[in-house]
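Undergrad: Handing over model29.pdb, PDB, C-alpha atoms and all ligand atoms.
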```pdb
MODEL        1
ATOM      1  CA  MET A   1      91.821  85.702  90.094  1.00  0.00           C
ATOM      2  CA  SER A   2      90.067  88.593  91.855  1.00  0.00           C
ATOM      3  CA  GLU A   3      89.159  88.286  95.453  1.00  0.00           C
ATOM      4  CA  SER A   4      87.449  90.304  98.138  1.00  0.00           C
ATOM      5  CA  SER A   5      87.777  89.747 101.827  1.00  0.00           C
ATOM      6  CA  PHE A   6      86.507  91.002 105.139  1.00  0.00           C
ATOM      7  CA  LYS A   7      89.291  91.232 107.698  1.00  0.00           C
ATOM      8  CA  GLN A   8      87.407  92.167 110.801  1.00  0.00           C
ATOM      9  CA  ASN A   9      83.888  92.915 111.845  1.00  0.00           C
ATOM     10  CA  PRO A  10      83.466  96.678 111.418  1.00  0.00           C
ATOM     11  CA  SER A  11      79.958  96.601 112.822  1.00  0.00           C
ATOM     12  CA  ALA A  12      81.612  95.787 116.165  1.00  0.00           C
ATOM     13  CA  ARG A  13      82.945  99.362 116.113  1.00  0.00           C
ATOM     14  CA  ASP A  14      80.792 102.380 116.722  1.00  0.00           C
ATOM     15  CA  LEU A  15      80.882 103.173 113.022  1.00  0.00           C
ATOM     16  CA  LEU A  16      80.211 106.569 111.460  1.00  0.00           C
ATOM     17  CA  ARG A  17      78.296 106.347 108.167  1.00  0.00           C
ATOM     18  CA  ASN A  18      81.304 107.077 105.965  1.00  0.00           C
ATOM     19  CA  VAL A  19      82.984 104.909 103.356  1.00  0.00           C
ATOM     20  CA  ILE A  20      86.725 105.531 103.179  1.00  0.00           C
ATOM     21  CA  LEU A  21      88.786 104.352 100.228  1.00  0.00           C
ATOM     22  CA  ILE A  22      92.445 103.642 100.834  1.00  0.00           C
ATOM     23  CA  GLY A  23      95.058 102.165  98.518  1.00  0.00           C
ATOM     24  CA  PHE A  24      98.041 102.907  96.360  1.00  0.00           C
ATOM     25  CA  MET A  25      98.155 105.618  93.694  1.00  0.00           C
ATOM     26  CA  GLY A  26      96.293 104.554  90.566  1.00  0.00           C
ATOM     27  CA  THR A  27      93.940 102.068  92.190  1.00  0.00           C
ATOM     28  CA  GLY A  28      90.866 104.082  91.163  1.00  0.00           C
ATOM     29  CA  LYS A  29      89.942 105.624  94.530  1.00  0.00           C
ATOM     30  CA  THR A  30      88.676 108.864  93.005  1.00  0.00           C
ATOM     31  CA  SER A  31      86.764 107.531  90.005  1.00  0.00           C
ATOM     32  CA  ILE A  32      85.271 104.656  91.998  1.00  0.00           C
ATOM     33  CA  GLY A  33      84.609 106.886  95.023  1.00  0.00           C
ATOM     34  CA  LYS A  34      82.512 109.282  92.923  1.00  0.00           C
ATOM     35  CA  ARG A  35      80.386 106.421  91.636  1.00  0.00           C
ATOM     36  CA  VAL A  36      79.968 104.893  95.109  1.00  0.00           C
ATOM     37  CA  ALA A  37      78.925 108.269  96.523  1.00  0.00           C
ATOM     38  CA  HIS A  38      76.357 108.696  93.763  1.00  0.00           C
ATOM     39  CA  SER A  39      74.936 105.221  94.326  1.00  0.00           C
ATOM     40  CA  LEU A  40      74.737 105.540  98.137  1.00  0.00           C
ATOM     41  CA  GLY A  41      73.524 109.164  98.041  1.00  0.00           C
ATOM     42  CA  PHE A  42      76.577 110.279 100.022  1.00  0.00           C
ATOM     43  CA  ALA A  43      78.776 113.355  99.496  1.00  0.00           C
ATOM     44  CA  PHE A  44      82.104 112.728  97.744  1.00  0.00           C
ATOM     45  CA  ILE A  45      85.292 114.052  99.328  1.00  0.00           C
ATOM     46  CA  ASP A  46      88.841 113.671  98.020  1.00  0.00           C
ATOM     47  CA  THR A  47      91.573 114.585 100.519  1.00  0.00           C
ATOM     48  CA  ASP A  48      94.065 115.470  97.748  1.00  0.00           C
ATOM     49  CA  GLU A  49      91.519 117.727  96.042  1.00  0.00           C
ATOM     50  CA  LEU A  50      90.783 119.513  99.324  1.00  0.00           C
ATOM     51  CA  ILE A  51      94.507 120.111  99.847  1.00  0.00           C
ATOM     52  CA  VAL A  52      94.958 121.453  96.307  1.00  0.00           C
ATOM     53  CA  GLU A  53      91.949 123.759  96.752  1.00  0.00           C
ATOM     54  CA  SER A  54      93.062 125.057 100.143  1.00  0.00           C
ATOM     55  CA  ARG A  55      96.709 125.668  99.096  1.00  0.00           C
ATOM     56  CA  GLY A  56      95.911 126.868  95.577  1.00  0.00           C
ATOM     57  CA  LYS A  57      98.670 124.709  94.073  1.00  0.00           C
ATOM     58  CA  THR A  58      99.200 121.194  92.782  1.00  0.00           C
ATOM     59  CA  ILE A  59     100.405 118.298  94.941  1.00  0.00           C
ATOM     60  CA  SER A  60     103.637 118.237  92.904  1.00  0.00           C
ATOM     61  CA  ASP A  61     104.227 121.929  93.660  1.00  0.00           C
ATOM     62  CA  ILE A  62     103.527 121.408  97.369  1.00  0.00           C
ATOM     63  CA  PHE A  63     106.094 118.578  97.441  1.00  0.00           C
ATOM     64  CA  THR A  64     108.642 120.723  95.567  1.00  0.00           C
ATOM     65  CA  ASP A  65     108.076 123.981  97.458  1.00  0.00           C
ATOM     66  CA  GLU A  66     107.305 122.784 101.000  1.00  0.00           C
ATOM     67  CA  GLY A  67     108.382 119.131 101.106  1.00  0.00           C
ATOM     68  CA  GLU A  68     106.666 115.839 101.815  1.00  0.00           C
ATOM     69  CA  ASP A  69     106.408 116.303 105.610  1.00  0.00           C
ATOM     70  CA  TYR A  70     104.469 119.519 105.119  1.00  0.00           C
ATOM     71  CA  PHE A  71     102.135 117.719 102.687  1.00  0.00           C
ATOM     72  CA  ARG A  72     101.657 114.904 105.246  1.00  0.00           C
ATOM     73  CA  ASP A  73     100.668 117.485 107.887  1.00  0.00           C
ATOM     74  CA  LEU A  74      98.082 118.953 105.500  1.00  0.00           C
ATOM     75  CA  GLU A  75      96.823 115.438 104.770  1.00  0.00           C
ATOM     76  CA  SER A  76      96.354 114.640 108.485  1.00  0.00           C
ATOM     77  CA  ASP A  77      94.560 117.967 109.092  1.00  0.00           C
ATOM     78  CA  THR A  78      92.269 117.313 106.127  1.00  0.00           C
ATOM     79  CA  LEU A  79      91.395 113.821 107.338  1.00  0.00           C
ATOM     80  CA  ARG A  80      90.691 115.204 110.824  1.00  0.00           C
ATOM     81  CA  ASN A  81      88.238 117.741 109.371  1.00  0.00           C
ATOM     82  CA  CYS A  82      86.477 115.080 107.278  1.00  0.00           C
ATOM     83  CA  SER A  83      86.188 112.775 110.284  1.00  0.00           C
ATOM     84  CA  LYS A  84      83.689 115.096 111.958  1.00  0.00           C
ATOM     85  CA  ARG A  85      80.929 114.457 109.407  1.00  0.00           C
ATOM     86  CA  ASN A  86      78.713 111.582 108.270  1.00  0.00           C
ATOM     87  CA  ASN A  87      77.329 110.274 104.951  1.00  0.00           C
ATOM     88  CA  GLN A  88      80.498 110.790 102.918  1.00  0.00           C
ATOM     89  CA  VAL A  89      82.667 108.712 100.626  1.00  0.00           C
ATOM     90  CA  ILE A  90      86.222 109.824 101.354  1.00  0.00           C
ATOM     91  CA  SER A  91      88.915 109.100  98.792  1.00  0.00           C
ATOM     92  CA  THR A  92      92.355 109.363 100.411  1.00  0.00           C
ATOM     93  CA  GLY A  93      95.884 109.858  99.100  1.00  0.00           C
ATOM     94  CA  GLY A  94      97.924 106.670  98.793  1.00  0.00           C
ATOM     95  CA  GLY A  95     100.196 107.637 101.698  1.00  0.00           C
ATOM     96  CA  ILE A  96      97.468 108.350 104.255  1.00  0.00           C
ATOM     97  CA  VAL A  97      98.203 105.093 106.083  1.00  0.00           C
ATOM     98  CA  LEU A  98     101.838 106.026 106.762  1.00  0.00           C
ATOM     99  CA  ARG A  99     101.083 107.821 110.009  1.00  0.00           C
ATOM    100  CA  GLU A 100      99.831 105.883 113.005  1.00  0.00           C
ATOM    101  CA  GLY A 101      97.586 108.824 113.957  1.00  0.00           C
ATOM    102  CA  ASN A 102      95.929 108.709 110.522  1.00  0.00           C
ATOM    103  CA  ARG A 103      95.355 104.960 110.795  1.00  0.00           C
ATOM    104  CA  GLN A 104      93.608 105.548 114.114  1.00  0.00           C
ATOM    105  CA  MET A 105      91.479 108.319 112.583  1.00  0.00           C
ATOM    106  CA  LEU A 106      90.512 106.103 109.648  1.00  0.00           C
ATOM    107  CA  ALA A 107      89.195 103.446 112.020  1.00  0.00           C
ATOM    108  CA  GLU A 108      87.152 106.036 113.899  1.00  0.00           C
ATOM    109  CA  THR A 109      85.787 107.726 110.765  1.00  0.00           C
ATOM    110  CA  GLY A 110      84.017 104.890 108.989  1.00  0.00           C
ATOM    111  CA  TYR A 111      84.057 101.743 106.944  1.00  0.00           C
ATOM    112  CA  VAL A 112      87.543 101.436 105.429  1.00  0.00           C
ATOM    113  CA  ILE A 113      87.974  99.740 102.056  1.00  0.00           C
ATOM    114  CA  TRP A 114      91.345  98.919 100.532  1.00  0.00           C
ATOM    115  CA  LEU A 115      91.483  98.982  96.739  1.00  0.00           C
ATOM    116  CA  LYS A 116      94.343  96.621  96.028  1.00  0.00           C
ATOM    117  CA  ALA A 117      96.231  96.302  92.716  1.00  0.00           C
ATOM    118  CA  SER A 118      99.433  94.730  91.420  1.00  0.00           C
ATOM    119  CA  ALA A 119     102.507  96.837  90.623  1.00  0.00           C
ATOM    120  CA  ASP A 120     102.060  96.229  86.886  1.00  0.00           C
ATOM    121  CA  ALA A 121      98.418  97.336  86.903  1.00  0.00           C
ATOM    122  CA  ILE A 122      99.327 100.405  88.947  1.00  0.00           C
ATOM    123  CA  LEU A 123     102.120 101.382  86.550  1.00  0.00           C
ATOM    124  CA  GLU A 124      99.781 101.130  83.592  1.00  0.00           C
ATOM    125  CA  ARG A 125      97.158 103.286  85.304  1.00  0.00           C
ATOM    126  CA  VAL A 126      99.511 105.996  86.642  1.00  0.00           C
ATOM    127  CA  SER A 127     101.466 106.384  83.417  1.00  0.00           C
ATOM    128  CA  ARG A 128      98.568 108.443  82.024  1.00  0.00           C
ATOM    129  CA  ASN A 129      98.974 111.083  84.746  1.00  0.00           C
ATOM    130  CA  HIS A 130     102.197 112.822  85.767  1.00  0.00           C
ATOM    131  CA  GLU A 131     100.880 114.418  88.954  1.00  0.00           C
ATOM    132  CA  ARG A 132     102.528 111.818  91.263  1.00  0.00           C
ATOM    133  CA  PRO A 133     105.781 113.308  92.592  1.00  0.00           C
ATOM    134  CA  LEU A 134     106.804 110.097  94.384  1.00  0.00           C
ATOM    135  CA  LEU A 135     106.890 108.312  91.017  1.00  0.00           C
ATOM    136  CA  HIS A 136     109.147 110.832  89.298  1.00  0.00           C
ATOM    137  CA  THR A 137     112.033 108.368  89.464  1.00  0.00           C
ATOM    138  CA  PRO A 138     114.216 106.662  86.833  1.00  0.00           C
ATOM    139  CA  ASP A 139     112.448 103.312  87.409  1.00  0.00           C
ATOM    140  CA  PRO A 140     108.808 103.922  88.441  1.00  0.00           C
ATOM    141  CA  LEU A 141     107.933 100.188  88.426  1.00  0.00           C
ATOM    142  CA  GLN A 142     110.671  99.460  90.971  1.00  0.00           C
ATOM    143  CA  THR A 143     109.566 102.471  93.032  1.00  0.00           C
ATOM    144  CA  ILE A 144     105.991 101.156  93.050  1.00  0.00           C
ATOM    145  CA  LYS A 145     107.210  97.710  94.156  1.00  0.00           C
ATOM    146  CA  ASP A 146     109.344  99.219  96.947  1.00  0.00           C
ATOM    147  CA  LEU A 147     106.510 101.419  98.203  1.00  0.00           C
ATOM    148  CA  LEU A 148     104.010  98.535  98.075  1.00  0.00           C
ATOM    149  CA  LEU A 149     106.392  96.409 100.147  1.00  0.00           C
ATOM    150  CA  GLU A 150     106.512  99.149 102.757  1.00  0.00           C
ATOM    151  CA  ARG A 151     102.819 100.021 102.681  1.00  0.00           C
ATOM    152  CA  ASP A 152     100.842  96.842 102.077  1.00  0.00           C
ATOM    153  CA  LYS A 153     100.903  95.853 105.739  1.00  0.00           C
ATOM    154  CA  MET A 154      99.588  99.302 106.688  1.00  0.00           C
ATOM    155  CA  TYR A 155      96.761  99.150 104.150  1.00  0.00           C
ATOM    156  CA  SER A 156      95.951  95.656 105.372  1.00  0.00           C
ATOM    157  CA  ALA A 157      95.966  96.686 109.046  1.00  0.00           C
ATOM    158  CA  SER A 158      93.636  99.627 108.302  1.00  0.00           C
ATOM    159  CA  ALA A 159      91.152  97.869 106.023  1.00  0.00           C
ATOM    160  CA  ASP A 160      87.797  96.427 107.036  1.00  0.00           C
ATOM    161  CA  PHE A 161      87.285  95.121 103.523  1.00  0.00           C
ATOM    162  CA  THR A 162      89.768  94.473 100.696  1.00  0.00           C
ATOM    163  CA  ILE A 163      88.991  94.346  96.991  1.00  0.00           C
ATOM    164  CA  ASP A 164      91.552  93.105  94.498  1.00  0.00           C
ATOM    165  CA  THR A 165      90.839  95.377  91.530  1.00  0.00           C
ATOM    166  CA  ASP A 166      93.241  93.896  88.953  1.00  0.00           C
ATOM    167  CA  GLU A 167      90.578  91.959  87.085  1.00  0.00           C
ATOM    168  CA  LEU A 168      87.538  94.041  87.916  1.00  0.00           C
ATOM    169  CA  SER A 169      86.023  96.901  85.946  1.00  0.00           C
ATOM    170  CA  ILE A 170      85.284 100.183  87.674  1.00  0.00           C
ATOM    171  CA  ASP A 171      81.573  99.281  87.673  1.00  0.00           C
ATOM    172  CA  GLU A 172      82.211  95.861  89.230  1.00  0.00           C
ATOM    173  CA  THR A 173      84.373  97.335  91.982  1.00  0.00           C
ATOM    174  CA  THR A 174      81.788 100.047  92.614  1.00  0.00           C
ATOM    175  CA  PHE A 175      79.043  97.462  92.886  1.00  0.00           C
ATOM    176  CA  GLY A 176      81.051  95.371  95.380  1.00  0.00           C
ATOM    177  CA  ILE A 177      81.737  98.376  97.590  1.00  0.00           C
ATOM    178  CA  CYS A 178      78.123  99.571  97.557  1.00  0.00           C
ATOM    179  CA  GLU A 179      76.728  96.144  98.377  1.00  0.00           C
ATOM    180  CA  SER A 180      79.101  95.617 101.291  1.00  0.00           C
ATOM    181  CA  ALA A 181      78.522  99.160 102.599  1.00  0.00           C
ATOM    182  CA  ARG A 182      74.748  98.650 102.548  1.00  0.00           C
ATOM    183  CA  VAL A 183      75.150  95.478 104.595  1.00  0.00           C
ATOM    184  CA  ILE A 184      77.504  97.127 107.080  1.00  0.00           C
ATOM    185  CA  PHE A 185      75.396 100.257 107.569  1.00  0.00           C
ATOM    186  CA  ALA A 186      72.189  98.244 107.891  1.00  0.00           C
ATOM    187  CA  SER A 187      73.611  96.066 110.687  1.00  0.00           C
TER     188      SER A 187
HETATM  189  C1  LIG B 201     100.691 109.864  97.435  1.00  0.00           C
HETATM  190  C2  LIG B 201      99.541 109.640  96.701  1.00  0.00           C
HETATM  191  C3  LIG B 201      98.850 110.712  95.984  1.00  0.00           C
HETATM  192  C4  LIG B 201      99.112 112.065  96.665  1.00  0.00           C
HETATM  193  C5  LIG B 201     100.572 112.296  96.808  1.00  0.00           C
HETATM  194  C6  LIG B 201     101.266 111.212  97.640  1.00  0.00           C
HETATM  195  C7  LIG B 201     101.357 108.710  98.087  1.00  0.00           C
HETATM  196  O1  LIG B 201      97.441 110.473  95.965  1.00  0.00           O
HETATM  197  O2  LIG B 201      98.478 112.119  97.920  1.00  0.00           O
HETATM  198  O3  LIG B 201     101.135 112.359  95.523  1.00  0.00           O
HETATM  199  O4  LIG B 201     102.172 108.924  98.997  1.00  0.00           O
HETATM  200  O5  LIG B 201     101.043 107.559  97.710  1.00  0.00           O
HETATM  201  P1  LIG B 201      96.735 109.337  95.048  1.00  0.00           P
HETATM  202  O6  LIG B 201      96.856 108.045  95.767  1.00  0.00           O
HETATM  203  O7  LIG B 201      95.322 109.799  94.949  1.00  0.00           O
HETATM  204  O8  LIG B 201      97.437 109.351  93.726  1.00  0.00           O
ENDMDL
END
```
Can you turn what I pasted into structure tokens?
Ligand code: S3P

TA:
Amino acid sequence: MSESSFKQNPSARDLLRNVILIGFMGTGKTSIGKRVAHSLGFAFIDTDELIVESRGKTISDIFTDEGEDYFRDLESDTLRNCSKRNNQVISTGGGIVLREGNRQMLAETGYVIWLKASADAILERVSRNHERPLLHTPDPLQTIKDLLLERDKMYSASADFTIDTDELSIDETTFGICESARVIFAS
């Protein structure tokens, strides 16, 4: 059963007109984010893409050559730069919520939506793409479960609105996000 829920009242914050998508790898942040941006007439930004462009190498190569901490620093810097503008849909890397400073920035940057999915659905979606260094393990399903256990509370604490995507199509999820964003930005 799919469900969507509001956790807090984002209109109580002094909200910038940005929609920010958070959630685990493979939850559709990029493909859905592009559609949401098109529908709302906002720019589309992907923090991973910006990092790849600025470093001129893949995320996997950054992890291998410079390490995860270095990548996390780039991720925080990228989010900080995005947080200065309005009218954007920002798709974030699945680990953006790990740092307290990032969670604070997310809250200040806009309307935060968590795309939630089960471990099985995530595994099926990520198995088509090998660009996820954290899942290069002998048992990716177990790794996904372990990471979800660690991260779910951080996604939940950061999210204004949660959408369980397991049983929704990309179009249905996009529609839900756009409708809720229109309500939030109109209030
Ligand atoms: C990561 C998620 C990836 C990317 C990096 C680390 C994570 O982004 O930022 O591989 O820690 O969950 P996606 O969520 O877009 O796959």

Undergrad: For segment 47-63 of chain A, work out the shell of residues within 9 Å, counting only C-alpha atoms and skipping chain neighbours fewer than 6 positions away, then give it as an MDAnalysis selection string.

TA: chainID A and resid 69:71 74:75 78:79 82 90:93 131:134

Undergrad: In terms of the shortest atom-to-atom distance over all atoms listed in the file, which of A:Ile20, A:Ala121, A:Ile163, A:Ile170 is closest to Ile144 of chain A?

TA: A:Ala121

Undergrad: Between A:Leu135, A:Ile113, A:Leu98, A:Met154, which residue has the minimum interatomic distance to Gly33 of chain A, considering all atoms listed in the file?

TA: A:Ile113

Undergrad: Please provide as a VMD selection string all residues within 8 Å of Lys116 of chain A, with the sequence filter that same-chain residues fewer than 6 positions apart are discarded (counting all atoms listed in the file).

TA: chain A and resid 23 to 24 27 162 to 166

Undergrad: Looking at only C-alpha atoms and all ligand atoms, which of A:Val126, A:Ala117, A:Leu106, A:Val183 is the one that sits closest to ligand LIG 201 (chain B)?

TA: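 Among the listed residues, the smallest separation from ligand LIG 201 (chain B) belongs to A:Val126.
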
Undergrad: In terms of the shortest atom-to-atom distance over all atoms listed in the file, which of A:Leu16, A:Ala37, A:Leu147, A:Leu141 is closest to ligand LIG 201 (chain B)?

TA: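 Residue with the minimum atom-to-atom distance to ligand LIG 201 (chain B): A:Leu147.
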
Undergrad: Which one is closest to ligand LIG 201 (chain B): A:Leu21, A:Cys178, A:Met105, A:Val36? Count all atoms listed in the file.

TA: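 Among A:Leu21, A:Cys178, A:Met105, A:Val36, it is A:Leu21 that comes nearest to ligand LIG 201 (chain B).
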
Undergrad: Rounded to one decimal, what separation in Å do you get between atom CA of Ser156 of chain A and atom CA of Leu123 of chain A?

TA: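 These atoms are spaced 20.6 Å apart.
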
Undergrad: How far is it from atom CA of Lys29 of chain A to atom CA of Arg17 of chain A, in Å with one decimal?

TA: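 Atom CA of Arg17 of chain A lies at a distance of 17.9 Å from atom CA of Lys29 of chain A.
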
Undergrad: Would you write out, as a PyMOL selection string, every residue that the PyMOL selection byres (((chain A and resi 110) around 12) and not hetatm) captures in this file?

TA: chain A and resi 10-22+79+82-90+103-109+111-113+158-161+181+184-185

Undergrad: Give me, please, the distance in Å between atom O8 of ligand LIG 201 (chain B) and atom CA of Ile96 of chain A, quoted to one decimal.

TA: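 One can read the atom O8 of ligand LIG 201 (chain B) to atom CA of Ile96 of chain A distance as 10.6 Å.
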
Undergrad: Between A:Leu168, A:Ser187, A:Leu115, A:Ile177, which residue has the minimum interatomic distance to Leu40 of chain A, considering all atoms listed in the file?

TA: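 Distance minimum relative to Leu40 of chain A lands on A:Ile177.
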